[in-house]
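Q: If it helps, the file is called start_17.pdb and holds PDB, C-alpha atoms:
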ATOM      1  CA  MET A   1       0.000   0.000   0.000
ATOM      2  CA  THR A   2       1.401   3.353  -1.050
ATOM      3  CA  GLU A   3       1.613   6.381   1.245
ATOM      4  CA  ARG A   4      -1.123   8.135  -0.738
ATOM      5  CA  GLU A   5      -3.460   5.172  -0.290
ATOM      6  CA  ARG A   6      -2.748   5.111   3.449
ATOM      7  CA  ASN A   7      -3.546   8.819   3.677
ATOM      8  CA  TRP A   8      -6.847   8.307   1.870
ATOM      9  CA  LEU A   9      -7.644   5.402   4.181
ATOM     10  CA  LEU A  10      -7.039   7.581   7.231
ATOM     11  CA  VAL A  11      -9.150  10.409   5.865
ATOM     12  CA  ALA A  12     -12.002   8.176   4.658
ATOM     13  CA  PRO A  13     -13.881   7.787   8.012
ATOM     14  CA  ALA A  14     -13.927  11.540   8.666
ATOM     15  CA  GLY A  15     -14.843  12.233   5.046
ATOM     16  CA  ALA A  16     -17.719   9.741   5.144
ATOM     17  CA  TRP A  17     -18.965  11.256   8.401
ATOM     18  CA  LEU A  18     -18.918  14.796   6.968
ATOM     19  CA  LEU A  19     -20.623  13.601   3.793
ATOM     20  CA  VAL A  20     -23.482  11.889   5.629
ATOM     21  CA  MET A  21     -23.909  14.337   8.525
ATOM     22  CA  LEU A  22     -23.115  17.655   6.842
ATOM     23  CA  VAL A  23     -23.087  17.664   3.051
ATOM     24  CA  LEU A  24     -26.201  15.546   2.472
ATOM     25  CA  PRO A  25     -28.448  17.414   4.976
ATOM     26  CA  LEU A  26     -27.318  20.765   3.594
ATOM     27  CA  SER A  27     -27.984  19.532   0.066
ATOM     28  CA  VAL A  28     -31.518  18.517   1.055
ATOM     29  CA  VAL A  29     -32.144  21.928   2.636
ATOM     30  CA  LEU A  30     -30.827  23.663  -0.493
ATOM     31  CA  ILE A  31     -33.097  21.591  -2.744
ATOM     32  CA  PHE A  32     -36.111  22.226  -0.501
ATOM     33  CA  SER A  33     -35.483  25.975  -0.639
ATOM     34  CA  PHE A  34     -36.346  26.008  -4.363
ATOM     35  CA  GLY A  35     -39.583  24.070  -3.832
ATOM     36  CA  GLU A  36     -43.056  25.103  -2.733
ATOM     37  CA  ARG A  37     -45.289  24.495   0.251
ATOM     38  CA  ALA A  38     -47.746  21.647  -0.192
ATOM     39  CA  PRO A  39     -51.438  22.508   0.337
ATOM     40  CA  ALA A  40     -51.503  20.492   3.574
ATOM     41  CA  GLY A  41     -48.057  21.652   4.633
ATOM     42  CA  GLY A  42     -44.647  20.208   3.915
ATOM     43  CA  TRP A  43     -42.944  20.418   0.546
ATOM     44  CA  VAL A  44     -43.593  19.713  -3.108
ATOM     45  CA  PRO A  45     -40.915  19.673  -5.835
ATOM     46  CA  ALA A  46     -40.540  22.821  -7.915
ATOM     47  CA  PHE A  47     -37.889  25.218  -9.125
ATOM     48  CA  THR A  48     -38.743  28.729  -8.041
ATOM     49  CA  PHE A  49     -37.050  31.651  -6.309
ATOM     50  CA  GLU A  50     -40.278  32.663  -4.631
ATOM     51  CA  GLN A  51     -39.091  31.574  -1.197
ATOM     52  CA  TYR A  52     -35.986  33.762  -1.422
ATOM     53  CA  ALA A  53     -38.116  36.680  -2.616
ATOM     54  CA  ASN A  54     -40.167  36.311   0.591
ATOM     55  CA  LEU A  55     -37.113  36.544   2.885
ATOM     56  CA  PRO A  56     -37.864  40.201   3.846
ATOM     57  CA  ALA A  57     -40.883  38.818   5.732
ATOM     58  CA  ARG A  58     -38.373  37.457   8.284
ATOM     59  CA  LEU A  59     -36.159  40.535   8.262
ATOM     60  CA  THR A  60     -36.840  41.272  11.954
ATOM     61  CA  ALA A  61     -35.535  37.853  12.965
ATOM     62  CA  PHE A  62     -32.322  38.422  11.009
ATOM     63  CA  GLN A  63     -31.931  41.917  12.464
ATOM     64  CA  ASN A  64     -32.343  40.633  16.025
ATOM     65  CA  THR A  65     -29.902  37.783  15.414
ATOM     66  CA  LEU A  66     -27.261  39.955  13.746
ATOM     67  CA  THR A  67     -27.575  42.541  16.518
ATOM     68  CA  LEU A  68     -27.846  40.491  19.705
ATOM     69  CA  ALA A  69     -25.520  37.642  18.678
ATOM     70  CA  PRO A  70     -22.464  39.936  18.205
ATOM     71  CA  LEU A  71     -23.534  42.018  21.221
ATOM     72  CA  GLY A  72     -23.864  38.900  23.388
ATOM     73  CA  THR A  73     -20.504  37.638  22.139
ATOM     74  CA  LEU A  74     -18.838  40.957  22.980
ATOM     75  CA  ALA A  75     -20.471  41.091  26.424
ATOM     76  CA  ALA A  76     -19.355  37.522  27.145
ATOM     77  CA  LEU A  77     -15.804  38.441  26.077
ATOM     78  CA  ILE A  78     -15.717  41.519  28.327
ATOM     79  CA  ILE A  79     -16.812  39.448  31.319
ATOM     80  CA  ALA A  80     -14.839  36.303  30.492
ATOM     81  CA  TYR A  81     -11.428  37.865  29.827
ATOM     82  CA  PRO A  82     -10.794  39.280  33.336
ATOM     83  CA  LEU A  83     -12.049  36.024  34.838
ATOM     84  CA  ALA A  84      -9.810  33.908  32.614
ATOM     85  CA  TYR A  85      -6.869  36.240  33.294
ATOM     86  CA  GLN A  86      -7.374  35.967  37.048
ATOM     87  CA  LEU A  87      -7.563  32.175  36.864
ATOM     88  CA  ALA A  88      -4.569  31.742  34.568
ATOM     89  CA  VAL A  89      -2.159  34.416  35.800
ATOM     90  CA  ARG A  90      -3.110  35.499  39.312
ATOM     91  CA  THR A  91      -4.617  32.434  40.968
ATOM     92  CA  ASP A  92      -2.606  30.034  43.098
ATOM     93  CA  PRO A  93      -2.212  26.736  41.158
ATOM     94  CA  LYS A  94      -3.787  24.723  43.987
ATOM     95  CA  TRP A  95      -7.048  26.679  43.587
ATOM     96  CA  LYS A  96      -7.220  26.656  39.793
ATOM     97  CA  THR A  97      -8.970  23.312  39.443
ATOM     98  CA  ILE A  98     -11.633  24.177  42.012
ATOM     99  CA  LEU A  99     -12.345  27.544  40.423
ATOM    100  CA  LEU A 100     -12.486  26.041  36.941
ATOM    101  CA  VAL A 101     -15.015  23.498  38.170
ATOM    102  CA  LEU A 102     -17.120  26.355  39.536
ATOM    103  CA  VAL A 103     -17.098  27.922  36.075
ATOM    104  CA  ILE A 104     -18.404  24.651  34.628
ATOM    105  CA  VAL A 105     -21.061  24.096  37.315
ATOM    106  CA  PRO A 106     -23.837  25.966  35.426
ATOM    107  CA  PHE A 107     -23.417  23.496  32.550
ATOM    108  CA  TRP A 108     -24.418  20.696  34.930
ATOM    109  CA  THR A 109     -27.951  22.089  34.940
ATOM    110  CA  SER A 110     -30.262  22.144  31.931
ATOM    111  CA  ILE A 111     -30.314  25.432  30.018
ATOM    112  CA  LEU A 112     -34.107  25.217  30.282
ATOM    113  CA  ILE A 113     -34.004  25.316  34.089
ATOM    114  CA  ARG A 114     -31.444  28.109  34.083
ATOM    115  CA  SER A 115     -33.550  30.161  31.684
ATOM    116  CA  TYR A 116     -36.628  29.730  33.873
ATOM    117  CA  ALA A 117     -34.543  30.909  36.827
ATOM    118  CA  TRP A 118     -33.763  34.100  34.907
ATOM    119  CA  ILE A 119     -37.449  34.496  34.067
ATOM    120  CA  PHE A 120     -38.129  34.673  37.798
ATOM    121  CA  ILE A 121     -35.144  36.946  38.514
ATOM    122  CA  LEU A 122     -36.021  39.424  35.757
ATOM    123  CA  GLY A 123     -39.799  39.073  36.144
ATOM    124  CA  GLY A 124     -42.140  41.215  38.189
ATOM    125  CA  GLN A 125     -41.404  39.353  41.432
ATOM    126  CA  GLY A 126     -37.633  39.567  40.989
ATOM    127  CA  LEU A 127     -35.370  42.553  40.374
ATOM    128  CA  PRO A 128     -38.208  44.973  39.465
ATOM    129  CA  ALA A 129     -39.861  44.258  42.835
ATOM    130  CA  LEU A 130     -36.539  44.871  44.574
ATOM    131  CA  LEU A 131     -36.076  48.161  42.723
ATOM    132  CA  GLU A 132     -39.545  49.271  43.807
ATOM    133  CA  VAL A 133     -38.386  48.990  47.421
ATOM    134  CA  PHE A 134     -35.839  51.714  46.628
ATOM    135  CA  GLY A 135     -38.434  53.870  44.917
ATOM    136  CA  ILE A 136     -37.629  52.891  41.324
ATOM    137  CA  GLU A 137     -40.909  51.860  39.735
ATOM    138  CA  GLY A 138     -42.063  50.801  36.309
ATOM    139  CA  VAL A 139     -38.871  48.945  35.380
ATOM    140  CA  ARG A 140     -39.486  46.145  32.893
ATOM    141  CA  LEU A 141     -36.673  43.674  32.356
ATOM    142  CA  ILE A 142     -38.262  40.438  31.192
ATOM    143  CA  TYR A 143     -39.190  39.912  27.529
ATOM    144  CA  THR A 144     -36.740  42.558  26.358
ATOM    145  CA  PRO A 145     -33.465  42.509  24.392
ATOM    146  CA  PHE A 146     -31.710  43.114  27.720
ATOM    147  CA  ALA A 147     -33.183  39.907  29.168
ATOM    148  CA  VAL A 148     -32.133  37.922  26.096
ATOM    149  CA  THR A 149     -28.602  39.350  26.302
ATOM    150  CA  ILE A 150     -28.361  38.424  29.989
ATOM    151  CA  GLY A 151     -29.460  34.878  29.208
ATOM    152  CA  ILE A 152     -26.982  34.633  26.352
ATOM    153  CA  VAL A 153     -24.029  35.817  28.442
ATOM    154  CA  TYR A 154     -24.942  33.569  31.363
ATOM    155  CA  GLY A 155     -25.520  30.541  29.163
ATOM    156  CA  TYR A 156     -22.408  30.820  26.987
ATOM    157  CA  LEU A 157     -19.876  32.391  29.347
ATOM    158  CA  PRO A 158     -17.971  29.125  30.054
ATOM    159  CA  LEU A 159     -17.429  28.609  26.322
ATOM    160  CA  MET A 160     -15.703  31.984  26.241
ATOM    161  CA  VAL A 161     -13.715  31.539  29.446
ATOM    162  CA  PHE A 162     -11.963  28.266  28.679
ATOM    163  CA  PRO A 163     -10.269  29.092  25.329
ATOM    164  CA  ILE A 164      -8.986  32.361  26.768
ATOM    165  CA  TYR A 165      -7.863  30.593  29.942
ATOM    166  CA  VAL A 166      -5.927  27.996  27.921
ATOM    167  CA  ALA A 167      -4.188  30.717  25.891
ATOM    168  CA  LEU A 168      -3.263  32.722  28.988
ATOM    169  CA  ASP A 169      -2.188  29.642  30.930
ATOM    170  CA  ARG A 170       0.391  28.904  28.227
ATOM    171  CA  LEU A 171       1.767  32.433  28.509
ATOM    172  CA  ASP A 172       5.374  32.472  29.656
ATOM    173  CA  LYS A 173       5.249  34.424  32.917
ATOM    174  CA  ARG A 174       8.874  35.440  32.416
ATOM    175  CA  LEU A 175       7.720  37.741  29.606
ATOM    176  CA  LEU A 176       5.590  39.660  32.091
ATOM    177  CA  GLU A 177       8.482  39.883  34.516
ATOM    178  CA  ALA A 178      10.823  41.064  31.758
ATOM    179  CA  SER A 179       8.382  43.741  30.677
ATOM    180  CA  SER A 180       8.111  44.976  34.259
ATOM    181  CA  ASP A 181      11.894  44.950  34.704
ATOM    182  CA  LEU A 182      12.259  47.057  31.574
ATOM    183  CA  GLY A 183      10.080  49.746  33.127
ATOM    184  CA  ALA A 184       6.789  49.066  31.349
ATOM    185  CA  ARG A 185       3.629  49.998  33.214
ATOM    186  CA  PRO A 186       1.085  47.232  33.905
ATOM    187  CA  ILE A 187      -1.296  48.565  31.250
ATOM    188  CA  THR A 188       1.550  48.637  28.702
ATOM    189  CA  THR A 189       2.524  45.078  29.587
ATOM    190  CA  PHE A 190      -1.050  43.972  29.132
ATOM    191  CA  LEU A 191      -1.503  45.694  25.764
ATOM    192  CA  ARG A 192       1.905  44.753  24.331
ATOM    193  CA  VAL A 193       2.411  41.268  25.802
ATOM    194  CA  THR A 194      -0.612  39.656  27.436
ATOM    195  CA  LEU A 195      -3.340  40.681  25.002
ATOM    196  CA  PRO A 196      -1.455  39.812  21.778
ATOM    197  CA  MET A 197      -0.443  36.438  23.217
ATOM    198  CA  SER A 198      -4.072  35.611  24.004
ATOM    199  CA  ILE A 199      -5.501  36.511  20.578
ATOM    200  CA  SER A 200      -5.865  32.833  19.663
ATOM    201  CA  GLY A 201      -7.994  32.169  22.752
ATOM    202  CA  ILE A 202     -10.127  35.245  22.098
ATOM    203  CA  ALA A 203     -10.649  34.200  18.484
ATOM    204  CA  THR A 204     -11.646  30.660  19.452
ATOM    205  CA  GLY A 205     -13.989  31.762  22.227
ATOM    206  CA  CYS A 206     -15.718  34.386  20.089
ATOM    207  CA  MET A 207     -16.095  31.913  17.246
ATOM    208  CA  LEU A 208     -17.655  29.251  19.464
ATOM    209  CA  VAL A 209     -20.105  31.627  21.095
ATOM    210  CA  PHE A 210     -21.048  33.543  17.946
ATOM    211  CA  ILE A 211     -21.725  30.476  15.788
ATOM    212  CA  LEU A 212     -23.908  28.889  18.457
ATOM    213  CA  LEU A 213     -25.787  32.148  19.045
ATOM    214  CA  MET A 214     -26.623  32.477  15.363
ATOM    215  CA  GLY A 215     -28.718  29.327  15.670
ATOM    216  CA  GLU A 216     -30.029  29.923  19.202
ATOM    217  CA  PHE A 217     -33.778  29.655  19.765
ATOM    218  CA  LEU A 218     -34.437  28.563  23.369
ATOM    219  CA  ILE A 219     -33.129  31.646  25.193
ATOM    220  CA  PRO A 220     -34.959  34.148  22.921
ATOM    221  CA  ALA A 221     -38.123  32.042  23.142
ATOM    222  CA  LEU A 222     -38.126  32.018  26.962
ATOM    223  CA  LEU A 223     -36.560  35.358  27.876
ATOM    224  CA  GLY A 224     -37.827  37.175  24.771
ATOM    225  CA  GLY A 225     -41.389  35.985  25.237
ATOM    226  CA  GLY A 226     -42.178  36.105  21.532
ATOM    227  CA  LYS A 227     -41.213  39.779  21.355
ATOM    228  CA  VAL A 228     -37.490  39.248  20.773
ATOM    229  CA  PHE A 229     -36.936  36.330  18.439
ATOM    230  CA  PHE A 230     -33.973  35.011  16.474
ATOM    231  CA  VAL A 231     -33.755  33.206  13.143
ATOM    232  CA  GLY A 232     -33.778  29.965  15.104
ATOM    233  CA  ASN A 233     -37.239  30.831  16.406
ATOM    234  CA  ALA A 234     -38.379  31.608  12.859
ATOM    235  CA  LEU A 235     -37.135  28.205  11.690
ATOM    236  CA  VAL A 236     -38.981  26.408  14.486
ATOM    237  CA  ASP A 237     -42.165  28.260  13.517
ATOM    238  CA  LEU A 238     -41.794  27.546   9.796
ATOM    239  CA  PHE A 239     -40.915  23.864  10.089
ATOM    240  CA  LEU A 240     -43.007  22.741  13.064
ATOM    241  CA  GLN A 241     -45.995  25.095  13.196
ATOM    242  CA  SER A 242     -46.789  26.578   9.793
ATOM    243  CA  ARG A 243     -45.116  23.566   8.096
ATOM    244  CA  ASN A 244     -43.732  25.720   5.309
ATOM    245  CA  TRP A 245     -40.643  23.647   4.679
ATOM    246  CA  ALA A 246     -39.697  25.416   1.467
ATOM    247  CA  PHE A 247     -39.645  28.883   3.022
ATOM    248  CA  GLY A 248     -37.968  27.520   6.164
ATOM    249  CA  SER A 249     -35.243  25.979   4.010
ATOM    250  CA  ALA A 250     -34.684  29.296   2.236
ATOM    251  CA  VAL A 251     -34.350  31.045   5.606
ATOM    252  CA  ALA A 252     -31.890  28.363   6.747
ATOM    253  CA  VAL A 253     -29.807  28.717   3.572
ATOM    254  CA  MET A 254     -29.666  32.486   4.003
ATOM    255  CA  LEU A 255     -28.611  32.065   7.640
ATOM    256  CA  ILE A 256     -25.803  29.732   6.567
ATOM    257  CA  LEU A 257     -24.630  32.223   3.932
ATOM    258  CA  VAL A 258     -24.649  35.076   6.439
ATOM    259  CA  MET A 259     -22.636  32.958   8.881
ATOM    260  CA  LEU A 260     -20.122  31.960   6.200
ATOM    261  CA  VAL A 261     -19.550  35.578   5.176
ATOM    262  CA  THR A 262     -19.304  36.785   8.785
ATOM    263  CA  VAL A 263     -16.947  34.018   9.871
ATOM    264  CA  THR A 264     -14.757  34.461   6.777
ATOM    265  CA  VAL A 265     -14.385  38.194   7.390
ATOM    266  CA  TYR A 266     -13.724  37.554  11.083
ATOM    267  CA  MET A 267     -11.024  34.947  10.388
ATOM    268  CA  ARG A 268      -9.275  37.270   7.938
ATOM    269  CA  LEU A 269      -9.228  40.032  10.527
ATOM    270  CA  ILE A 270      -7.781  37.625  13.096
ATOM    271  CA  SER A 271      -5.146  36.491  10.583
ATOM    272  CA  ARG A 272      -4.134  40.093   9.947
ATOM    273  CA  LEU A 273      -3.915  40.789  13.683
ATOM    274  CA  SER A 274      -1.762  37.693  14.158
ATOM    275  CA  ALA A 275       0.490  38.718  11.264
ATOM    276  CA  THR A 276       0.826  42.224  12.703
ATOM    277  CA  ARG A 277       1.724  40.761  16.091
ATOM    278  CA  GLU A 278       4.433  38.585  14.518
ATOM    279  CA  ASP A 279       5.866  41.543  12.587
ATOM    280  CA  VAL A 280       6.014  43.637  15.760
ATOM    281  CA  SER A 281       7.682  40.819  17.704
ATOM    282  CA  ILE A 282      10.300  40.413  14.972
ATOM    283  CA  MET A 283      11.048  44.143  14.936
TER     284      MET A 283
END
Could I get this file's structure written as structure tokens?
A:
Amino acid sequence: MTERERNWLLVAPAGAWLLVMLVLPLSVVLIFSFGERAPAGGWVPAFTFEQYANLPARLTAFQNTLTLAPLGTLAALIIAYPLAYQLAVRTDPKWKTILLVLVIVPFWTSILIRSYAWIFILGGQGLPALLEVFGIEGVRLIYTPFAVTIGIVYGYLPLMVFPIYVALDRLDKRLLEASSDLGARPITTFLRVTLPMSISGIATGCMLVFILLMGEFLIPALLGGGKVFFVGNALVDLFLQSRNWAFGSAVAVMLILVMLVTVTVYMRLISRLSATREDVSIM
């Protein structure tokens, strides 16, 4: 057996898996998107662009997704980075494992239960009732974009913390000491050493959270109360309730295209930042 044949043999299982689990389902969705809704719901074969012409009917869902998904990702990053930095750089090694477990603990509970907990906290008997005690009345938190953003950050924070933690944990602490010995201020050390060295963790964490948020439907459904809905909620409605599989497939295809464009642009920006960091380090 030649080396090329061995390489193909090694790649074959992963290739077959991707073909069956990724390529074929996407092909079916693409084909359905050019069809029409059957009179009783479902799909009938056709070749029409009518479903794509109707995409503006779901414009609000796309606007909410493309607004709150990046916003939730950014908010998770702002909260996760100091936490990951504290765990990786400042925390005593004997406490790291315990603290990391505490970060994971929310994942041990169903996202459904955690979302219902936030419904109570943000509902009329929760924080608004507490604010009324201090004379602040008429505050509405539940079923708002704010509530959805809170749920997003709480639900996906661990996915942001761990990649950043791994990147910072690999950071050579002697670089920080050298920067301090050379007279650099802490903020300068952070901006010139720590932050550039953790770009890979930031990129991974943001990618994980953003991609999952683009398809999120449970958190907007519970904390948005039907007033703040994502594309995922639109897909659930089209496939399971109105049974318009053709239009739902067109919405899904458009979501995939938007994600591909966004992720491609994001990865190019990260590549340029990494290249700039390498050029600066060489100079």
Q: Please tabulate, as JSON lines, the residues of range 86-201 of chain A that come within 10 Å of range 228-244 of chain A, each with its closest pair of atoms and the distance in Å to one decimal, counting only C-alpha atoms and ordering rows by chain, then residue number upward.
A:
{"residue": "A:Tyr143", "atom": "CA", "partner": "A:Val228", "partner_atom": "CA", "distance": 7.0}
{"residue": "A:Thr144", "atom": "CA", "partner": "A:Val228", "partner_atom": "CA", "distance": 6.5}
{"residue": "A:Pro145", "atom": "CA", "partner": "A:Val228", "partner_atom": "CA", "distance": 6.3}
{"residue": "A:Phe146", "atom": "CA", "partner": "A:Val228", "partner_atom": "CA", "distance": 9.8}
{"residue": "A:Ala147", "atom": "CA", "partner": "A:Val228", "partner_atom": "CA", "distance": 9.5}
{"residue": "A:Val148", "atom": "CA", "partner": "A:Val228", "partner_atom": "CA", "distance": 7.7}
Q: For CA of Met197 in chain A and CA of Val105 in chain A, determine how far apart the two atoms are, in Å to one decimal place.
A: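 Going from CA of Met197 in chain A over to CA of Val105 in chain A, I get 27.9 Å.
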Q: With 3 Å added on each side, what axis-aligned box encloses every listed atom of range 213-227 of chain A? Give the centre and edge lengths in Å to one decimal, as lines of an AutoDock Vina configuration file.
A:
center_x = -34.0
center_y = 34.2
center_z = 21.6
size_x = 22.4
size_y = 17.2
size_z = 18.5
Q: I'd like the residues picked by the PyMOL selection byres ((chain A and resi 171-183) around 9) written out as a PDB file with C-alpha atoms, in the coordinates of the input, using the chain letters and numbers from the file.
A:
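Output saved as expr_37.pdb:
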ATOM      1  CA  ALA A  88      -4.569  31.742  34.568  1.00  0.00           C
ATOM      2  CA  VAL A  89      -2.159  34.416  35.800  1.00  0.00           C
ATOM      3  CA  VAL A 166      -5.927  27.996  27.921  1.00  0.00           C
ATOM      4  CA  ALA A 167      -4.188  30.717  25.891  1.00  0.00           C
ATOM      5  CA  LEU A 168      -3.263  32.722  28.988  1.00  0.00           C
ATOM      6  CA  ASP A 169      -2.188  29.642  30.930  1.00  0.00           C
ATOM      7  CA  ARG A 170       0.391  28.904  28.227  1.00  0.00           C
ATOM      8  CA  ALA A 184       6.789  49.066  31.349  1.00  0.00           C
ATOM      9  CA  ARG A 185       3.629  49.998  33.214  1.00  0.00           C
ATOM     10  CA  PRO A 186       1.085  47.232  33.905  1.00  0.00           C
ATOM     11  CA  THR A 188       1.550  48.637  28.702  1.00  0.00           C
ATOM     12  CA  THR A 189       2.524  45.078  29.587  1.00  0.00           C
ATOM     13  CA  PHE A 190      -1.050  43.972  29.132  1.00  0.00           C
ATOM     14  CA  VAL A 193       2.411  41.268  25.802  1.00  0.00           C
ATOM     15  CA  THR A 194      -0.612  39.656  27.436  1.00  0.00           C
ATOM     16  CA  MET A 197      -0.443  36.438  23.217  1.00  0.00           C
ATOM     17  CA  SER A 198      -4.072  35.611  24.004  1.00  0.00           C
TER      18      SER A 198
END
Q: As a check of understanding, name the residues that the PyMOL selection byres ((chain A and resi 69) around 12) selects in the supplied structure, as a PyMOL selection string.
A: chain A and resi 61-68+70-76+145+148-153+156+206-217+219-220+229-232+259+262
Q: Go ahead and save the picked residues with C-alpha atoms, as a PDB file, in the frame of the given file.
A:
ATOM      1  CA  ALA A  61     -35.535  37.853  12.965  1.00  0.00           C
ATOM      2  CA  PHE A  62     -32.322  38.422  11.009  1.00  0.00           C
ATOM      3  CA  GLN A  63     -31.931  41.917  12.464  1.00  0.00           C
ATOM      4  CA  ASN A  64     -32.343  40.633  16.025  1.00  0.00           C
ATOM      5  CA  THR A  65     -29.902  37.783  15.414  1.00  0.00           C
ATOM      6  CA  LEU A  66     -27.261  39.955  13.746  1.00  0.00           C
ATOM      7  CA  THR A  67     -27.575  42.541  16.518  1.00  0.00           C
ATOM      8  CA  LEU A  68     -27.846  40.491  19.705  1.00  0.00           C
ATOM      9  CA  PRO A  70     -22.464  39.936  18.205  1.00  0.00           C
ATOM     10  CA  LEU A  71     -23.534  42.018  21.221  1.00  0.00           C
ATOM     11  CA  GLY A  72     -23.864  38.900  23.388  1.00  0.00           C
ATOM     12  CA  THR A  73     -20.504  37.638  22.139  1.00  0.00           C
ATOM     13  CA  LEU A  74     -18.838  40.957  22.980  1.00  0.00           C
ATOM     14  CA  ALA A  75     -20.471  41.091  26.424  1.00  0.00           C
ATOM     15  CA  ALA A  76     -19.355  37.522  27.145  1.00  0.00           C
ATOM     16  CA  PRO A 145     -33.465  42.509  24.392  1.00  0.00           C
ATOM     17  CA  VAL A 148     -32.133  37.922  26.096  1.00  0.00           C
ATOM     18  CA  THR A 149     -28.602  39.350  26.302  1.00  0.00           C
ATOM     19  CA  ILE A 150     -28.361  38.424  29.989  1.00  0.00           C
ATOM     20  CA  GLY A 151     -29.460  34.878  29.208  1.00  0.00           C
ATOM     21  CA  ILE A 152     -26.982  34.633  26.352  1.00  0.00           C
ATOM     22  CA  VAL A 153     -24.029  35.817  28.442  1.00  0.00           C
ATOM     23  CA  TYR A 156     -22.408  30.820  26.987  1.00  0.00           C
ATOM     24  CA  CYS A 206     -15.718  34.386  20.089  1.00  0.00           C
ATOM     25  CA  MET A 207     -16.095  31.913  17.246  1.00  0.00           C
ATOM     26  CA  LEU A 208     -17.655  29.251  19.464  1.00  0.00           C
ATOM     27  CA  VAL A 209     -20.105  31.627  21.095  1.00  0.00           C
ATOM     28  CA  PHE A 210     -21.048  33.543  17.946  1.00  0.00           C
ATOM     29  CA  ILE A 211     -21.725  30.476  15.788  1.00  0.00           C
ATOM     30  CA  LEU A 212     -23.908  28.889  18.457  1.00  0.00           C
ATOM     31  CA  LEU A 213     -25.787  32.148  19.045  1.00  0.00           C
ATOM     32  CA  MET A 214     -26.623  32.477  15.363  1.00  0.00           C
ATOM     33  CA  GLY A 215     -28.718  29.327  15.670  1.00  0.00           C
ATOM     34  CA  GLU A 216     -30.029  29.923  19.202  1.00  0.00           C
ATOM     35  CA  PHE A 217     -33.778  29.655  19.765  1.00  0.00           C
ATOM     36  CA  ILE A 219     -33.129  31.646  25.193  1.00  0.00           C
ATOM     37  CA  PRO A 220     -34.959  34.148  22.921  1.00  0.00           C
ATOM     38  CA  PHE A 229     -36.936  36.330  18.439  1.00  0.00           C
ATOM     39  CA  PHE A 230     -33.973  35.011  16.474  1.00  0.00           C
ATOM     40  CA  VAL A 231     -33.755  33.206  13.143  1.00  0.00           C
ATOM     41  CA  GLY A 232     -33.778  29.965  15.104  1.00  0.00           C
ATOM     42  CA  MET A 259     -22.636  32.958   8.881  1.00  0.00           C
ATOM     43  CA  THR A 262     -19.304  36.785   8.785  1.00  0.00           C
TER      44      THR A 262
END
Q: With distances taken over all atoms listed in the file, which residue among A:Gly124, A:Gly205, A:Pro106, A:Gly35 lies nearest Val139 in chain A?
A: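 Among the listed residues, A:Gly124 lies closest to Val139 in chain A.
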Q: Ranking A:Pro25, A:Leu100, A:Tyr81, A:Leu218 by minimum distance to Tyr116 in chain A and counting all atoms listed in the file, which one comes first?
A: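 Nearest to Tyr116 in chain A: A:Leu218.
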Q: Where does the PyMOL selection byres ((chain A and resi 127) around 12) land in this file, that is, which residues does it pick, as a list in words?
A: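 After applying the PyMOL selection byres ((chain A and resi 127) around 12), what remains is Trp118, Ile119, Phe120, Ile121, Leu122, Gly123, Gly124, Gln125, Gly126, Pro128, Ala129, Leu130, Leu131, Glu132, Val133, Phe134, Ile136, Glu137, Gly138, Val139, Arg140, Leu141, Ile142 and Ala147 of chain A.
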Q: Calculated over all atoms listed in the file, which of the candidates A:Ala38, A:Leu55, A:Val23, A:Ala16 has the smallest distance to Met254 in chain A?
A: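 Distance minimum relative to Met254 in chain A lands on A:Leu55.
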Q: By how many Å are CA of Ile187 in chain A and CA of Tyr154 in chain A apart?
A: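 Here the two named atoms are 28.0 Å from each other.
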Q: Can you work out which one of A:Thr109, A:Leu222, A:Phe247, A:Pro82 has the shortest atom-to-atom distance to Leu195 in chain A, counting all atoms listed in the file?
A: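 Selected residue with least distance to Leu195 in chain A: A:Pro82.
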Q: Thr204 in chain A: which residues within 9 Å, counting all atoms listed in the file, same-chain residues fewer than 6 positions away excluded, as an mmCIF file with C-alpha atoms, keeping the file's coordinate frame?
A:
data_model
loop_
_atom_site.group_PDB
_atom_site.id
_atom_site.type_symbol
_atom_site.label_atom_id
_atom_site.label_comp_id
_atom_site.auth_asym_id
_atom_site.auth_seq_id
_atom_site.Cartn_x
_atom_site.Cartn_y
_atom_site.Cartn_z
ATOM 1 C CA MET A 160 -15.703 31.984 26.241
ATOM 2 C CA PRO A 163 -10.269 29.092 25.329
ATOM 3 C CA ILE A 164 -8.986 32.361 26.768
#
Q: Out of A:Ile78, A:Leu157, A:Ser200, A:Trp245, which residue has the shortest atom-to-atom distance to Ser271 in chain A when counting all atoms listed in the file?
A: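 Residue with the minimum atom-to-atom distance to Ser271 in chain A: A:Ser200.
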Q: Using only C-alpha atoms, find the one residue out of A:Ala246, A:Ala12, A:Leu112, A:Val263 that sits nearest to Trp43 in chain A.
A: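 That would be A:Ala246, the residue with the smallest distance to Trp43 in chain A.
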Q: Kindly give the distance, in Å, that separates CA of Leu257 in chain A and CA of Ala14 in chain A, rounded to a single decimal.
A: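 Between CA of Leu257 in chain A and CA of Ala14 in chain A the gap works out to 23.8 Å.
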